[in-house]
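This is run-v5.pdb. It holds PDB, C-alpha atoms.
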ATOM      1  CA  MET A   1     -25.565-215.794  70.680  1.00  0.00           C
ATOM      2  CA  PRO A   2     -22.289-214.105  69.596  1.00  0.00           C
ATOM      3  CA  ALA A   3     -21.570-213.993  65.871  1.00  0.00           C
ATOM      4  CA  ASP A   4     -18.834-216.234  64.475  1.00  0.00           C
ATOM      5  CA  PRO A   5     -15.470-214.486  64.045  1.00  0.00           C
ATOM      6  CA  ILE A   6     -14.923-213.090  60.572  1.00  0.00           C
ATOM      7  CA  ILE A   7     -11.277-212.531  61.544  1.00  0.00           C
ATOM      8  CA  THR A   8      -9.091-214.629  63.841  1.00  0.00           C
ATOM      9  CA  LEU A   9      -5.479-213.945  64.791  1.00  0.00           C
ATOM     10  CA  ARG A  10      -3.505-216.565  66.716  1.00  0.00           C
ATOM     11  CA  GLY A  11       0.040-215.949  67.906  1.00  0.00           C
ATOM     12  CA  VAL A  12       0.659-213.364  65.162  1.00  0.00           C
ATOM     13  CA  THR A  13       4.137-211.886  65.187  1.00  0.00           C
ATOM     14  CA  LYS A  14       5.817-209.313  62.970  1.00  0.00           C
ATOM     15  CA  ILE A  15       9.554-208.746  62.798  1.00  0.00           C
ATOM     16  CA  TYR A  16      11.219-205.984  60.784  1.00  0.00           C
ATOM     17  CA  GLY A  17      14.893-206.044  59.864  1.00  0.00           C
ATOM     18  CA  SER A  18      17.442-208.609  61.007  1.00  0.00           C
ATOM     19  CA  GLY A  19      20.473-208.913  63.218  1.00  0.00           C
ATOM     20  CA  ALA A  20      21.325-205.733  65.096  1.00  0.00           C
ATOM     21  CA  THR A  21      18.484-203.822  63.408  1.00  0.00           C
ATOM     22  CA  GLU A  22      15.789-206.426  64.167  1.00  0.00           C
ATOM     23  CA  PHE A  23      12.625-205.037  65.709  1.00  0.00           C
ATOM     24  CA  GLN A  24       9.655-207.113  66.830  1.00  0.00           C
ATOM     25  CA  ALA A  25       6.554-204.982  66.218  1.00  0.00           C
ATOM     26  CA  LEU A  26       4.080-207.738  67.194  1.00  0.00           C
ATOM     27  CA  LYS A  27       4.912-210.278  69.894  1.00  0.00           C
ATOM     28  CA  GLY A  28       2.061-212.766  69.573  1.00  0.00           C
ATOM     29  CA  ILE A  29      -1.363-211.252  68.913  1.00  0.00           C
ATOM     30  CA  ASP A  30      -4.491-213.266  69.721  1.00  0.00           C
ATOM     31  CA  LEU A  31      -7.690-211.594  68.558  1.00  0.00           C
ATOM     32  CA  ASP A  32     -11.186-212.559  67.387  1.00  0.00           C
ATOM     33  CA  ILE A  33     -13.341-210.055  65.510  1.00  0.00           C
ATOM     34  CA  ALA A  34     -16.996-211.015  65.245  1.00  0.00           C
ATOM     35  CA  GLN A  35     -18.983-210.607  62.041  1.00  0.00           C
ATOM     36  CA  GLY A  36     -20.873-207.307  62.267  1.00  0.00           C
ATOM     37  CA  ASP A  37     -18.871-205.847  65.160  1.00  0.00           C
ATOM     38  CA  PHE A  38     -17.670-202.235  65.362  1.00  0.00           C
ATOM     39  CA  VAL A  39     -14.137-202.361  66.788  1.00  0.00           C
ATOM     40  CA  ALA A  40     -12.019-199.401  67.859  1.00  0.00           C
ATOM     41  CA  VAL A  41      -8.271-200.072  68.035  1.00  0.00           C
ATOM     42  CA  MET A  42      -6.332-197.862  70.444  1.00  0.00           C
ATOM     43  CA  GLY A  43      -2.821-197.630  71.836  1.00  0.00           C
ATOM     44  CA  PRO A  44       0.230-195.368  72.014  1.00  0.00           C
ATOM     45  CA  SER A  45       2.567-194.857  69.080  1.00  0.00           C
ATOM     46  CA  GLY A  46       4.643-197.994  68.527  1.00  0.00           C
ATOM     47  CA  SER A  47       2.148-200.258  70.289  1.00  0.00           C
ATOM     48  CA  GLY A  48       1.555-202.432  67.214  1.00  0.00           C
ATOM     49  CA  LYS A  49      -1.928-201.272  66.268  1.00  0.00           C
ATOM     50  CA  SER A  50      -0.970-199.933  62.823  1.00  0.00           C
ATOM     51  CA  THR A  51       1.087-203.049  62.026  1.00  0.00           C
ATOM     52  CA  THR A  52      -1.895-205.208  62.974  1.00  0.00           C
ATOM     53  CA  MET A  53      -4.246-203.142  60.812  1.00  0.00           C
ATOM     54  CA  ASN A  54      -1.850-203.465  57.861  1.00  0.00           C
ATOM     55  CA  ILE A  55      -1.886-207.235  58.278  1.00  0.00           C
ATOM     56  CA  LEU A  56      -5.690-207.300  58.601  1.00  0.00           C
ATOM     57  CA  GLY A  57      -5.936-205.178  55.438  1.00  0.00           C
ATOM     58  CA  CYS A  58      -3.679-207.639  53.546  1.00  0.00           C
ATOM     59  CA  LEU A  59      -1.174-204.821  53.020  1.00  0.00           C
ATOM     60  CA  ASP A  60       1.478-206.712  54.995  1.00  0.00           C
ATOM     61  CA  VAL A  61       2.057-210.315  56.070  1.00  0.00           C
ATOM     62  CA  PRO A  62       2.790-211.710  59.539  1.00  0.00           C
ATOM     63  CA  SER A  63       6.213-213.181  60.332  1.00  0.00           C
ATOM     64  CA  GLY A  64       4.538-215.978  62.281  1.00  0.00           C
ATOM     65  CA  GLY A  65       1.201-217.179  63.593  1.00  0.00           C
ATOM     66  CA  GLU A  66      -2.170-217.627  61.915  1.00  0.00           C
ATOM     67  CA  PHE A  67      -4.508-215.092  60.283  1.00  0.00           C
ATOM     68  CA  LEU A  68      -7.896-216.474  59.306  1.00  0.00           C
ATOM     69  CA  PHE A  69     -10.475-214.540  57.295  1.00  0.00           C
ATOM     70  CA  LYS A  70     -13.817-216.336  57.084  1.00  0.00           C
ATOM     71  CA  GLY A  71     -11.992-219.501  58.065  1.00  0.00           C
ATOM     72  CA  HIS A  72      -9.350-219.246  55.325  1.00  0.00           C
ATOM     73  CA  HIS A  73      -5.644-218.973  56.164  1.00  0.00           C
ATOM     74  CA  VAL A  74      -4.560-215.613  54.768  1.00  0.00           C
ATOM     75  CA  GLU A  75      -0.934-216.104  55.832  1.00  0.00           C
ATOM     76  CA  ARG A  76      -0.724-218.903  53.224  1.00  0.00           C
ATOM     77  CA  LEU A  77      -1.892-216.717  50.321  1.00  0.00           C
ATOM     78  CA  ASP A  78       0.465-215.242  47.738  1.00  0.00           C
ATOM     79  CA  ARG A  79       0.543-211.553  46.789  1.00  0.00           C
ATOM     80  CA  ASP A  80      -2.045-211.864  44.012  1.00  0.00           C
ATOM     81  CA  GLN A  81      -4.438-213.861  46.194  1.00  0.00           C
ATOM     82  CA  ARG A  82      -4.161-211.260  48.968  1.00  0.00           C
ATOM     83  CA  ALA A  83      -4.870-208.494  46.433  1.00  0.00           C
ATOM     84  CA  LEU A  84      -7.979-210.372  45.300  1.00  0.00           C
ATOM     85  CA  LEU A  85      -9.184-210.760  48.885  1.00  0.00           C
ATOM     86  CA  ARG A  86      -8.574-207.040  49.436  1.00  0.00           C
ATOM     87  CA  ARG A  87     -10.586-206.046  46.351  1.00  0.00           C
ATOM     88  CA  ARG A  88     -13.499-208.374  47.062  1.00  0.00           C
ATOM     89  CA  TYR A  89     -13.960-208.151  50.801  1.00  0.00           C
ATOM     90  CA  LEU A  90     -12.255-205.048  52.229  1.00  0.00           C
ATOM     91  CA  GLY A  91     -12.858-201.304  52.104  1.00  0.00           C
ATOM     92  CA  PHE A  92     -10.414-198.628  53.295  1.00  0.00           C
ATOM     93  CA  VAL A  93     -10.901-195.128  54.742  1.00  0.00           C
ATOM     94  CA  PHE A  94      -7.889-192.939  55.546  1.00  0.00           C
ATOM     95  CA  GLN A  95      -7.307-189.828  57.640  1.00  0.00           C
ATOM     96  CA  GLY A  96      -6.220-187.853  54.568  1.00  0.00           C
ATOM     97  CA  PHE A  97      -9.240-188.770  52.357  1.00  0.00           C
ATOM     98  CA  ASN A  98      -6.918-189.714  49.419  1.00  0.00           C
ATOM     99  CA  LEU A  99      -9.307-188.396  46.754  1.00  0.00           C
ATOM    100  CA  LEU A 100      -8.203-187.542  43.214  1.00  0.00           C
ATOM    101  CA  SER A 101      -8.345-183.747  43.106  1.00  0.00           C
ATOM    102  CA  ARG A 102      -9.421-183.162  39.497  1.00  0.00           C
ATOM    103  CA  THR A 103     -12.170-185.763  39.308  1.00  0.00           C
ATOM    104  CA  SER A 104     -15.769-185.612  40.511  1.00  0.00           C
ATOM    105  CA  ALA A 105     -17.117-187.253  43.644  1.00  0.00           C
ATOM    106  CA  LEU A 106     -18.770-189.916  41.492  1.00  0.00           C
ATOM    107  CA  GLU A 107     -15.584-190.667  39.558  1.00  0.00           C
ATOM    108  CA  ASN A 108     -13.659-191.017  42.832  1.00  0.00           C
ATOM    109  CA  VAL A 109     -16.271-193.440  44.159  1.00  0.00           C
ATOM    110  CA  GLU A 110     -16.244-195.455  40.920  1.00  0.00           C
ATOM    111  CA  LEU A 111     -12.488-196.146  41.074  1.00  0.00           C
ATOM    112  CA  PRO A 112     -12.640-199.548  42.863  1.00  0.00           C
ATOM    113  CA  LEU A 113     -15.270-200.654  40.328  1.00  0.00           C
ATOM    114  CA  LEU A 114     -12.997-199.563  37.483  1.00  0.00           C
ATOM    115  CA  TYR A 115     -10.223-201.770  38.908  1.00  0.00           C
ATOM    116  CA  ARG A 116     -12.732-204.614  39.003  1.00  0.00           C
ATOM    117  CA  GLY A 117     -13.519-204.150  35.316  1.00  0.00           C
ATOM    118  CA  GLU A 118     -17.193-203.183  35.779  1.00  0.00           C
ATOM    119  CA  ASP A 119     -18.922-201.531  32.814  1.00  0.00           C
ATOM    120  CA  LYS A 120     -19.830-197.830  32.765  1.00  0.00           C
ATOM    121  CA  LYS A 121     -23.538-198.328  33.517  1.00  0.00           C
ATOM    122  CA  THR A 122     -22.809-200.562  36.519  1.00  0.00           C
ATOM    123  CA  ARG A 123     -20.189-198.148  37.826  1.00  0.00           C
ATOM    124  CA  TYR A 124     -22.636-195.249  37.573  1.00  0.00           C
ATOM    125  CA  GLU A 125     -25.486-197.071  39.309  1.00  0.00           C
ATOM    126  CA  LEU A 126     -23.378-198.467  42.152  1.00  0.00           C
ATOM    127  CA  GLY A 127     -21.468-195.193  42.540  1.00  0.00           C
ATOM    128  CA  MET A 128     -24.632-193.120  42.832  1.00  0.00           C
ATOM    129  CA  ALA A 129     -26.124-195.639  45.277  1.00  0.00           C
ATOM    130  CA  ALA A 130     -23.012-195.374  47.476  1.00  0.00           C
ATOM    131  CA  LEU A 131     -23.118-191.563  47.389  1.00  0.00           C
ATOM    132  CA  ASP A 132     -26.798-191.728  48.328  1.00  0.00           C
ATOM    133  CA  LYS A 133     -25.913-193.880  51.366  1.00  0.00           C
ATOM    134  CA  VAL A 134     -23.565-191.186  52.658  1.00  0.00           C
ATOM    135  CA  GLY A 135     -25.989-188.348  51.862  1.00  0.00           C
ATOM    136  CA  LEU A 136     -24.065-186.843  48.929  1.00  0.00           C
ATOM    137  CA  LYS A 137     -26.004-187.975  45.861  1.00  0.00           C
ATOM    138  CA  GLN A 138     -26.745-184.374  44.845  1.00  0.00           C
ATOM    139  CA  TRP A 139     -23.018-183.527  45.037  1.00  0.00           C
ATOM    140  CA  TRP A 140     -21.968-186.257  42.590  1.00  0.00           C
ATOM    141  CA  ASP A 141     -20.412-183.845  40.056  1.00  0.00           C
ATOM    142  CA  HIS A 142     -18.403-181.764  42.565  1.00  0.00           C
ATOM    143  CA  THR A 143     -14.608-182.056  42.816  1.00  0.00           C
ATOM    144  CA  PRO A 144     -12.921-182.389  46.251  1.00  0.00           C
ATOM    145  CA  ALA A 145     -12.010-178.672  46.171  1.00  0.00           C
ATOM    146  CA  GLU A 146     -15.729-177.880  46.044  1.00  0.00           C
ATOM    147  CA  LEU A 147     -16.481-180.014  49.114  1.00  0.00           C
ATOM    148  CA  SER A 148     -15.898-179.479  52.834  1.00  0.00           C
ATOM    149  CA  GLY A 149     -13.581-181.788  54.797  1.00  0.00           C
ATOM    150  CA  GLY A 150     -16.553-183.708  56.161  1.00  0.00           C
ATOM    151  CA  GLN A 151     -18.027-184.098  52.688  1.00  0.00           C
ATOM    152  CA  GLN A 152     -14.681-185.293  51.318  1.00  0.00           C
ATOM    153  CA  GLN A 153     -14.524-187.972  54.001  1.00  0.00           C
ATOM    154  CA  ARG A 154     -18.083-189.012  53.101  1.00  0.00           C
ATOM    155  CA  VAL A 155     -16.975-189.429  49.493  1.00  0.00           C
ATOM    156  CA  ALA A 156     -14.025-191.510  50.725  1.00  0.00           C
ATOM    157  CA  ILE A 157     -16.424-193.699  52.723  1.00  0.00           C
ATOM    158  CA  ALA A 158     -18.706-194.065  49.679  1.00  0.00           C
ATOM    159  CA  ARG A 159     -15.656-195.203  47.684  1.00  0.00           C
ATOM    160  CA  ALA A 160     -14.845-197.731  50.422  1.00  0.00           C
ATOM    161  CA  ILE A 161     -18.355-199.232  50.491  1.00  0.00           C
ATOM    162  CA  VAL A 162     -19.164-199.153  46.753  1.00  0.00           C
ATOM    163  CA  THR A 163     -17.958-202.759  46.372  1.00  0.00           C
ATOM    164  CA  SER A 164     -20.132-203.920  49.316  1.00  0.00           C
ATOM    165  CA  PRO A 165     -17.167-205.040  51.445  1.00  0.00           C
ATOM    166  CA  ASP A 166     -17.540-207.319  54.446  1.00  0.00           C
ATOM    167  CA  VAL A 167     -15.007-205.304  56.439  1.00  0.00           C
ATOM    168  CA  LEU A 168     -14.299-201.565  56.490  1.00  0.00           C
ATOM    169  CA  LEU A 169     -10.868-200.564  57.829  1.00  0.00           C
ATOM    170  CA  ALA A 170     -10.721-196.934  58.924  1.00  0.00           C
ATOM    171  CA  ASP A 171      -7.411-195.338  59.936  1.00  0.00           C
ATOM    172  CA  GLU A 172      -8.042-192.220  62.046  1.00  0.00           C
ATOM    173  CA  PRO A 173     -11.096-191.318  59.898  1.00  0.00           C
ATOM    174  CA  THR A 174     -11.833-188.170  61.932  1.00  0.00           C
ATOM    175  CA  GLY A 175      -8.215-187.051  62.367  1.00  0.00           C
ATOM    176  CA  ASN A 176      -8.523-184.096  59.952  1.00  0.00           C
ATOM    177  CA  LEU A 177     -12.020-183.001  60.977  1.00  0.00           C
ATOM    178  CA  ASP A 178     -13.457-180.657  63.591  1.00  0.00           C
ATOM    179  CA  SER A 179     -15.607-182.001  66.441  1.00  0.00           C
ATOM    180  CA  GLU A 180     -18.967-181.531  64.725  1.00  0.00           C
ATOM    181  CA  ARG A 181     -17.860-183.162  61.457  1.00  0.00           C
ATOM    182  CA  SER A 182     -16.163-185.946  63.431  1.00  0.00           C
ATOM    183  CA  VAL A 183     -19.422-186.862  65.138  1.00  0.00           C
ATOM    184  CA  GLU A 184     -21.214-186.847  61.755  1.00  0.00           C
ATOM    185  CA  ILE A 185     -18.664-189.296  60.320  1.00  0.00           C
ATOM    186  CA  MET A 186     -18.898-191.552  63.376  1.00  0.00           C
ATOM    187  CA  GLU A 187     -22.683-191.572  63.145  1.00  0.00           C
ATOM    188  CA  LEU A 188     -22.376-192.513  59.462  1.00  0.00           C
ATOM    189  CA  LEU A 189     -19.988-195.389  60.259  1.00  0.00           C
ATOM    190  CA  THR A 190     -22.343-196.544  63.021  1.00  0.00           C
ATOM    191  CA  ASP A 191     -25.264-196.509  60.587  1.00  0.00           C
ATOM    192  CA  LEU A 192     -23.318-198.514  57.988  1.00  0.00           C
ATOM    193  CA  ASN A 193     -22.349-201.012  60.676  1.00  0.00           C
ATOM    194  CA  ARG A 194     -25.867-201.469  62.035  1.00  0.00           C
ATOM    195  CA  ASN A 195     -27.963-201.211  58.893  1.00  0.00           C
ATOM    196  CA  SER A 196     -25.624-202.562  56.208  1.00  0.00           C
ATOM    197  CA  GLY A 197     -23.967-205.224  58.364  1.00  0.00           C
ATOM    198  CA  ILE A 198     -20.443-204.037  57.570  1.00  0.00           C
ATOM    199  CA  THR A 199     -17.828-205.016  60.156  1.00  0.00           C
ATOM    200  CA  VAL A 200     -15.902-201.830  61.050  1.00  0.00           C
ATOM    201  CA  LEU A 201     -12.300-201.758  62.321  1.00  0.00           C
ATOM    202  CA  MET A 202     -11.155-198.270  63.250  1.00  0.00           C
ATOM    203  CA  VAL A 203      -7.842-196.976  64.575  1.00  0.00           C
ATOM    204  CA  THR A 204      -8.277-193.870  66.708  1.00  0.00           C
ATOM    205  CA  HIS A 205      -6.437-191.913  69.401  1.00  0.00           C
ATOM    206  CA  GLU A 206      -9.624-190.205  70.545  1.00  0.00           C
ATOM    207  CA  PRO A 207     -11.623-191.826  73.385  1.00  0.00           C
ATOM    208  CA  ASP A 208     -14.788-189.915  72.432  1.00  0.00           C
ATOM    209  CA  MET A 209     -14.610-191.407  68.918  1.00  0.00           C
ATOM    210  CA  ALA A 210     -13.853-194.889  70.286  1.00  0.00           C
ATOM    211  CA  ALA A 211     -17.015-194.564  72.392  1.00  0.00           C
ATOM    212  CA  PHE A 212     -19.063-195.101  69.214  1.00  0.00           C
ATOM    213  CA  ALA A 213     -17.646-198.633  68.922  1.00  0.00           C
ATOM    214  CA  ARG A 214     -19.067-201.804  70.451  1.00  0.00           C
ATOM    215  CA  THR A 215     -15.635-203.259  71.219  1.00  0.00           C
ATOM    216  CA  ILE A 216     -12.417-201.442  72.115  1.00  0.00           C
ATOM    217  CA  VAL A 217      -9.075-203.231  71.729  1.00  0.00           C
ATOM    218  CA  HIS A 218      -6.101-201.666  73.526  1.00  0.00           C
ATOM    219  CA  PHE A 219      -2.585-202.373  72.235  1.00  0.00           C
ATOM    220  CA  ARG A 220       0.668-201.910  74.142  1.00  0.00           C
ATOM    221  CA  ASP A 221       4.225-203.031  73.371  1.00  0.00           C
ATOM    222  CA  GLY A 222       3.256-205.313  70.505  1.00  0.00           C
ATOM    223  CA  LEU A 223       0.520-207.141  72.388  1.00  0.00           C
ATOM    224  CA  VAL A 224      -3.209-206.836  73.039  1.00  0.00           C
ATOM    225  CA  GLU A 225      -3.266-205.290  76.511  1.00  0.00           C
ATOM    226  CA  ARG A 226      -7.016-205.574  77.105  1.00  0.00           C
ATOM    227  CA  ILE A 227     -10.368-205.712  75.364  1.00  0.00           C
ATOM    228  CA  GLU A 228     -13.408-203.895  76.702  1.00  0.00           C
ATOM    229  CA  LYS A 229     -16.961-203.169  75.637  1.00  0.00           C
ATOM    230  CA  GLY A 230     -17.637-199.731  74.167  1.00  0.00           C
ATOM    231  CA  LEU A 231     -20.599-197.555  75.115  1.00  0.00           C
ATOM    232  CA  ALA A 232     -22.397-198.679  71.944  1.00  0.00           C
ATOM    233  CA  ALA A 233     -22.300-202.365  72.935  1.00  0.00           C
TER     234      ALA A 233
END
This structure in structure tokens:
Amino acid sequence: MPADPIITLRGVTKIYGSGATEFQALKGIDLDIAQGDFVAVMGPSGSGKSTTMNILGCLDVPSGGEFLFKGHHVERLDRDQRALLRRRYLGFVFQGFNLLSRTSALENVELPLLYRGEDKKTRYELGMAALDKVGLKQWWDHTPAELSGGQQQRVAIARAIVTSPDVLLADEPTGNLDSERSVEIMELLTDLNRNSGITVLMVTHEPDMAAFARTIVHFRDGLVERIEKGLAA
């Protein structure tokens, strides 16, 4: 039996600007994302995939339509409520790693816990546990400059999962990595999805990376063009 949707979009639109400069980035997106799915989002530049991911990550709001997260209407939340949802339920991984250069791997991973107001002992324990999950526990005191690109992305993933999010949003997570490191990161995301139950949403331009997903959503011209099963389904 399919899992209930953790995310539902119905008729979601997004308009930027007004008058002569108005641009409709999303033209009515309908999408269900099941709890525990691994979804790859693909499409050409300007197709609407990044706008949709920003809305799903509570970084932007739709101009119209409904966005439900666990049955709750996110489009009705104010800025502070969206920030709370983001901190409690979402994790983010970016193409550029976005690590603080002069701080250790552990301190980078602890950052979301610091924002949550967790005490030092809790931050240390959860941070080390997250680094252990990505295979970098022994590198906890290394700065980003002392780590390879693949290791830096593992630290970024540890930072994203340290709060035990329900959903991990990954924007081109292998974009700055070579083929071998890219496969390692995809295998790590697959493991987190299968064994930790984290729902993964990943934007990628690379079909061989999308093949790791269970579901592939193709965007074109501000709409969902088609949805297909990935090789991992």
Within 8 Å of Leu136 of chain A, counting only C-alpha atoms, which residues show up once you throw out same-chain ones fewer than 6 positions away? Write them as a list in words, please.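 In the requested format, the answer is Gln151, Arg154 and Val155 of chain A.
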Create the file for the chosen residues now, containing C-alpha atoms and written as a PDB file, keeping the file's coordinate frame.
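Everything below was put into out_12.pdb:
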ATOM      1  CA  GLN A 151     -18.027-184.098  52.688  1.00  0.00           C
ATOM      2  CA  ARG A 154     -18.083-189.012  53.101  1.00  0.00           C
ATOM      3  CA  VAL A 155     -16.975-189.429  49.493  1.00  0.00           C
TER       4      VAL A 155
END
Given all atoms listed in the file as the basis, pick out the residue of A:Pro207, A:Gly149, A:Pro165, A:Pro44 nearest to Arg181 of chain A.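 Between A:Pro207, A:Gly149, A:Pro165, A:Pro44, the residue approaching Arg181 of chain A most closely is A:Gly149.
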Report as an NGL selection string the residues that result from applying the PyMOL selection byres ((chain A and resi 64) around 10) to the structure here. :A and (10-15 or 26-28 or 61-63 or 65-67 or 75)
Between atom CA of Glu146 of chain A and atom CA of Glu125 of chain A, what is the distance in Å, rounded to a tenth?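 Separation between atom CA of Glu146 of chain A and atom CA of Glu125 of chain A: 22.6 Å.
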Show me, as an NGL selection string, the residues that have an atom within 9 Å of Arg86 of chain A when counting all atoms listed in the file, minus same-chain residues fewer than 6 positions from it. :A and (57-59)
To test your reading of the syntax: which residues would the PyMOL selection byres ((chain A and resi 109) around 10) return for the file shown? Reply as a PyMOL selection string. chain A and resi 99+103-108+110-114+123-124+126-128+130-131+140+155-163
Using all atoms listed in the file, what table do you get, as JSON lines, when you list each residue of segment 61-171 of chain A with an atom no more than 6 Å from segment 186-205 of chain A, its nearest pair of atoms, and their distance in Å rounded to one decimal, rows by chain then rising number?
{"residue": "A:Asp166", "atom": "CA", "partner": "A:Ile198", "partner_atom": "CA", "distance": 5.4}
{"residue": "A:Val167", "atom": "CA", "partner": "A:Thr199", "partner_atom": "CA", "distance": 4.7}
{"residue": "A:Leu168", "atom": "CA", "partner": "A:Val200", "partner_atom": "CA", "distance": 4.8}
{"residue": "A:Leu169", "atom": "CA", "partner": "A:Leu201", "partner_atom": "CA", "distance": 4.9}
{"residue": "A:Ala170", "atom": "CA", "partner": "A:Met202", "partner_atom": "CA", "distance": 4.5}
{"residue": "A:Asp171", "atom": "CA", "partner": "A:Val203", "partner_atom": "CA", "distance": 4.9}
Figure out the distance between atom CA of Gly135 of chain A and atom CA of Phe38 of chain A, please, to one decimal in Å.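 Separating atom CA of Phe38 of chain A from atom CA of Gly135 of chain A is a distance of 21.1 Å.
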Provide the atom CA of Phe92 of chain A to atom CA of Glu22 of chain A distance in Å, to one decimal place.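 That distance, rounded to one decimal, is 29.4 Å.
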Looking at A:Gln35, A:Thr52, A:Asn98, A:Ser47, which one is nearest to Gln153 of chain A, with distances taken over all atoms listed in the file?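 Selected residue with least distance to Gln153 of chain A: A:Asn98.
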Find, counting all atoms listed in the file, the residue in A:Ala34, A:Asp221, A:Gln95, A:Leu77 that gets nearest to Asn176 of chain A.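 Closest residue, counting all atoms listed in the file: A:Gln95.
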Give me the residues within 8 Å of segment 210-215 of chain A as a list of chain:residue names, counting only C-alpha atoms and dropping any in the same chain fewer than 4 places off.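 In the requested form, the answer reads A:Asp37, A:Phe38, A:Val39, A:Ala40, A:Val41, A:Met186, A:Glu187, A:Thr190, A:Thr204, A:Glu206, A:Ile227, A:Glu228, A:Lys229, A:Gly230, A:Leu231, A:Ala232, A:Ala233.
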Any chance you could tabulate, as JSON lines, the residues of segment 50-157 of chain A at most 10 Å from segment 4-8 of chain A with each one's nearest atom pair and distance in Å to one decimal, using only C-alpha atoms, in chain and rising number order?
{"residue": "A:Leu56", "atom": "CA", "partner": "A:Ile7", "partner_atom": "CA", "distance": 8.2}
{"residue": "A:Glu66", "atom": "CA", "partner": "A:Thr8", "partner_atom": "CA", "distance": 7.8}
{"residue": "A:Phe67", "atom": "CA", "partner": "A:Thr8", "partner_atom": "CA", "distance": 5.8}
{"residue": "A:Leu68", "atom": "CA", "partner": "A:Thr8", "partner_atom": "CA", "distance": 5.0}
{"residue": "A:Phe69", "atom": "CA", "partner": "A:Ile7", "partner_atom": "CA", "distance": 4.8}
{"residue": "A:Lys70", "atom": "CA", "partner": "A:Ile6", "partner_atom": "CA", "distance": 4.9}
{"residue": "A:Gly71", "atom": "CA", "partner": "A:Ile6", "partner_atom": "CA", "distance": 7.5}
{"residue": "A:His72", "atom": "CA", "partner": "A:Ile7", "partner_atom": "CA", "distance": 9.4}
{"residue": "A:His73", "atom": "CA", "partner": "A:Thr8", "partner_atom": "CA", "distance": 9.5}
So, with all atoms listed in the file as the atoms that count, which of A:Gly150, A:Gly17, A:Asp141, A:Ile216 lies closest to Ser179 of chain A?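 Residue with the minimum atom-to-atom distance to Ser179 of chain A: A:Gly150.
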Non-local contacts of Leu84 of chain A (12 Å; all atoms listed in the file; under 3 positions in same chain excluded) as a VMD selection string: chain A and resid 57 to 59 74 77 to 81 87 to 90 115 to 116
Check the smallest atom-to-atom distance from each of A:Ala83, A:Glu118, A:Ile185, A:Val217 to Glu172 of chain A using all atoms listed in the file, then report the winner.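 Among the listed residues, A:Ile185 lies closest to Glu172 of chain A.
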